[in-house]
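I have placed the structure first, in the form of structure tokens, so that the comments after it can refer back to it.
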Amino acid sequence: MPELPEVETTRRGLVPFVVNQRIATAIVRNHSLRLPVPRSLPRLVAGATIAAVGRRGKYLLFDCGPGTLILHLGMSGRLWIVDHGTPPEPHDHFDLVLDSGTVVRLRDPRRFGLVLWGNGDPLRHTLLAGIGPEPFDAAFNGDWLYRVTRNRTAAIKLVLMDGHVVAGIGNIYANEALFHAGVNPRQAAQRMGPGRCDLLADKIRETLELAIGAGGSSLRDYVGSDGVAGSFQSQFMVYDRAGEPCHRCGTPIKGIRQGQRSTFYCPRCQR
DNA sequence: CGCCAGGCCTGCACGC
DNA sequence: TGCGTGCAGGCCTGGC
């Protein structure tokens, strides 16, 4: 599901509908997400005005003044805008009802998502405190990547997907960024030299930027909050292309398993 | 039927 | 004894 580009697309789609809007109430139809939705949530958000919608990694942060509504879309979560009175469908677990008559609705069939409340600085919340630098932050660069990969014997792809190393990169964009950097996903992280770390950091940013520009990738469940499907999947170079010819050199794309996840790469372009 | 799917936390075993 | 590390398992539904 949604990785950084999809969450960022969602965030941008929500902003015009929710910023400076007052929350009338919240409706929790199913408390059993990856962690229980707090029983007190409706009481906490009712009457608050949403000052901003932020993002940290794949977490969405609704700034409600003294506290923050924290949402994570998990694997199959989708957040979008419906009119007040729109009947909920199966897996519509959570509504944020605004005074304006707009409803922010969470649908998440697999229920790996999260709806939480954070008091004070949301970045100090246990689940957010340890997240690595944002890819578009100055703190994320080749130097950082070089530093955090020292002594890491794990494959570079697994390290990229570790949220403590860099925020927001999941399976799709790890695969895609490694292709664009010409790095073999099985490469031991510690064997990446400074030059390759620089290149990889650049390609991560580039890949994510392009995906955000395309409104993210629409696979299975994901559609942007404006209801418009993203189109970046048409630009996938390797993801889900096992056996198909590399767009650059024609060599069949390889599909392997790493850490119980699917990896795709071009054995010729990625060394 | 079994396997796979965009995430990520926890717990365990291991080596230093 | 403690740490970093790296796996496996778990949470769920739906599609093939």
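Chains: A, B, ... in order of the structure tokens. Residues: from 1 per chain. Ligands: from 1, in order shown.
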* **All helix (DSSP H, G or I) positions in region 29-118 of chain A, as an NGL selection string** => :A and (41-45)
* Skip DA13 (chain B) itself and residues of its chain fewer than 4 positions away, then list as JSON, numbers by chain all residues within 12 Å of it, counting only C-alpha atoms (C1' of nucleotides). => {"C": [5, 6, 7, 8]}
Keeping only N, CA, C and O atoms (P, O5', C5', C4', C3', O3' and C1' of nucleotides), write the selected residues to a file as a PDB file, in the first residue's frame.
ATOM      1  P    DT C   5      23.458  -2.235  14.085  1.00  0.00           P
ATOM      2  O5'  DT C   5      22.957  -3.697  13.694  1.00  0.00           O
ATOM      3  C5'  DT C   5      23.912  -4.749  13.593  1.00  0.00           C
ATOM      4  C4'  DT C   5      23.202  -6.052  13.390  1.00  0.00           C
ATOM      5  C3'  DT C   5      22.128  -6.009  12.296  1.00  0.00           C
ATOM      6  O3'  DT C   5      22.628  -6.703  11.177  1.00  0.00           O
ATOM      7  C1'  DT C   5      21.460  -7.277  14.217  1.00  0.00           C
ATOM      8  P    DG C   6      21.898  -6.774   9.834  1.00  0.00           P
ATOM      9  O5'  DG C   6      20.995  -8.063   9.998  1.00  0.00           O
ATOM     10  C5'  DG C   6      21.615  -9.297  10.335  1.00  0.00           C
ATOM     11  C4'  DG C   6      20.539 -10.333  10.509  1.00  0.00           C
ATOM     12  C3'  DG C   6      19.421 -10.231   9.479  1.00  0.00           C
ATOM     13  O3'  DG C   6      18.967 -11.530   9.194  1.00  0.00           O
ATOM     14  C1'  DG C   6      18.491 -10.085  11.586  1.00  0.00           C
ATOM     15  P    DC C   7      18.647 -11.960   7.755  1.00  0.00           P
ATOM     16  O5'  DC C   7      17.932 -13.363   8.019  1.00  0.00           O
ATOM     17  C5'  DC C   7      16.576 -13.404   8.008  1.00  0.00           C
ATOM     18  C4'  DC C   7      16.062 -14.024   9.306  1.00  0.00           C
ATOM     19  C3'  DC C   7      14.619 -14.418   9.122  1.00  0.00           C
ATOM     20  O3'  DC C   7      14.544 -15.834   9.157  1.00  0.00           O
ATOM     21  C1'  DC C   7      14.946 -13.181  11.153  1.00  0.00           C
ATOM     22  P    DA C   8      13.413 -16.497   8.292  1.00  0.00           P
ATOM     23  O5'  DA C   8      12.240 -16.646   9.358  1.00  0.00           O
ATOM     24  C5'  DA C   8      12.544 -17.139  10.660  1.00  0.00           C
ATOM     25  C4'  DA C   8      11.339 -16.935  11.550  1.00  0.00           C
ATOM     26  C3'  DA C   8       9.997 -17.117  10.835  1.00  0.00           C
ATOM     27  O3'  DA C   8       9.185 -17.931  11.658  1.00  0.00           O
ATOM     28  C1'  DA C   8      10.074 -14.994  11.881  1.00  0.00           C
TER      29       DA C   8
END
* Asked: Of the candidates A:Gly57, A:Gly65, A:Pro90, A:Pro267, which one gets nearest to Val7 (chain A) if we count only C-alpha atoms?
  ->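 The answer is A:Gly57, which sits nearest to Val7 (chain A).
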* Any idea what the distance is between CA of Gly101 (chain A) and CA of Gly54 (chain A)? ->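 Straight-line distance from CA of Gly101 (chain A) to CA of Gly54 (chain A) works out to 22.1 Å.
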* Asked: Please, which residues of chain C lie no more than 7 Å from chain A when the count uses only C-alpha atoms (C1' of nucleotides), and can they be set out as a list in words?
  -> DC11, DC12 and DT13 of chain C
Save the residues we just selected, N, CA and C atoms (P, O5', C5', C4', C3', O3' and C1' of nucleotides), as a tab-separated table (two decimals), in the first residue's frame?
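File produced: result38.tsv:
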chain	number	residue	atom	x	y	z
C	11	DC	P	-2.56	-12.98	15.41
C	11	DC	O5'	-3.01	-11.59	14.78
C	11	DC	C5'	-2.95	-10.40	15.55
C	11	DC	C4'	-2.98	-9.23	14.61
C	11	DC	C3'	-4.15	-9.26	13.63
C	11	DC	O3'	-5.18	-8.43	14.13
C	11	DC	C1'	-2.09	-8.47	12.65
C	12	DC	P	-6.64	-9.00	14.16
C	12	DC	O5'	-7.14	-8.60	12.72
C	12	DC	C5'	-7.61	-9.59	11.85
C	12	DC	C4'	-7.63	-8.98	10.47
C	12	DC	C3'	-8.34	-9.86	9.46
C	12	DC	O3'	-9.71	-9.49	9.46
C	12	DC	C1'	-6.31	-8.95	8.56
C	13	DT	P	-10.75	-10.37	8.74
C	13	DT	O5'	-10.67	-9.87	7.23
C	13	DT	C5'	-10.89	-8.50	6.93
C	13	DT	C4'	-10.58	-8.28	5.46
C	13	DT	C3'	-11.40	-9.16	4.52
C	13	DT	O3'	-12.05	-8.29	3.61
C	13	DT	C1'	-9.07	-9.32	4.00
* Asked: Near chain A, which residues of chain B fall within 9 Å when you count only C-alpha atoms (C1' of nucleotides), and what do they look like as a PyMOL selection string?
  -> chain B and resi 5-8
Writing out the chosen residues with N, CA and C atoms (P, O5', C5', C4', C3', O3' and C1' of nucleotides) as a PDB file, in the first residue's frame:
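Writing the result to selection-v7.pdb gives the following:
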ATOM      1  P    DA B   5       4.295 -10.925  -2.624  1.00  0.00           P
ATOM      2  O5'  DA B   5       3.191  -9.800  -2.406  1.00  0.00           O
ATOM      3  C5'  DA B   5       2.681  -9.074  -3.511  1.00  0.00           C
ATOM      4  C4'  DA B   5       1.594  -8.129  -3.020  1.00  0.00           C
ATOM      5  C3'  DA B   5       1.975  -7.382  -1.727  1.00  0.00           C
ATOM      6  O3'  DA B   5       2.680  -6.180  -2.054  1.00  0.00           O
ATOM      7  C1'  DA B   5      -0.257  -8.246  -1.608  1.00  0.00           C
ATOM      8  P    DG B   6       4.232  -6.084  -1.633  1.00  0.00           P
ATOM      9  O5'  DG B   6       4.462  -4.582  -1.278  1.00  0.00           O
ATOM     10  C5'  DG B   6       3.702  -3.578  -1.830  1.00  0.00           C
ATOM     11  C4'  DG B   6       4.028  -2.248  -1.161  1.00  0.00           C
ATOM     12  C3'  DG B   6       3.690  -2.194   0.321  1.00  0.00           C
ATOM     13  O3'  DG B   6       4.293  -1.036   0.841  1.00  0.00           O
ATOM     14  C1'  DG B   6       1.992  -1.191  -0.941  1.00  0.00           C
ATOM     15  P    DG B   7       5.213  -1.194   2.097  1.00  0.00           P
ATOM     16  O5'  DG B   7       4.125  -1.471   3.236  1.00  0.00           O
ATOM     17  C5'  DG B   7       3.169  -0.480   3.545  1.00  0.00           C
ATOM     18  C4'  DG B   7       3.140  -0.207   5.040  1.00  0.00           C
ATOM     19  C3'  DG B   7       4.506   0.069   5.660  1.00  0.00           C
ATOM     20  O3'  DG B   7       4.289   1.046   6.662  1.00  0.00           O
ATOM     21  C1'  DG B   7       3.604  -1.887   6.626  1.00  0.00           C
ATOM     22  P    DC B   8       5.520   1.695   7.466  1.00  0.00           P
ATOM     23  O5'  DC B   8       5.605   0.849   8.798  1.00  0.00           O
ATOM     24  C5'  DC B   8       4.499   0.867   9.690  1.00  0.00           C
ATOM     25  C4'  DC B   8       4.744  -0.166  10.744  1.00  0.00           C
ATOM     26  C3'  DC B   8       6.182  -0.152  11.299  1.00  0.00           C
ATOM     27  O3'  DC B   8       6.069  -0.323  12.677  1.00  0.00           O
ATOM     28  C1'  DC B   8       5.584  -2.287  10.741  1.00  0.00           C
TER      29       DC B   8
END
* To do: One decimal, Å: what's the distance from CA of Phe136 (chain A) over to CA of Gln187 (chain A), could you say?
  =>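 We find that CA of Phe136 (chain A) and CA of Gln187 (chain A) lie 24.2 Å from each other.
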* Give me the residues within 12 Å of Ile50 (chain A) as JSON, numbers by chain, counting only C-alpha atoms (C1' of nucleotides) and dropping any in the same chain fewer than 2 places off. => {"A": [14, 15, 16, 17, 18, 19, 20, 21, 22, 23, 24, 45, 46, 47, 48, 52, 53, 54, 61, 62, 63, 64, 65, 66, 67, 68, 69, 96, 97, 98, 99]}
* Structure fact -> One decimal place gives the CA of Arg241 (chain A)-CA of Leu199 (chain A) separation as 23.6 Å
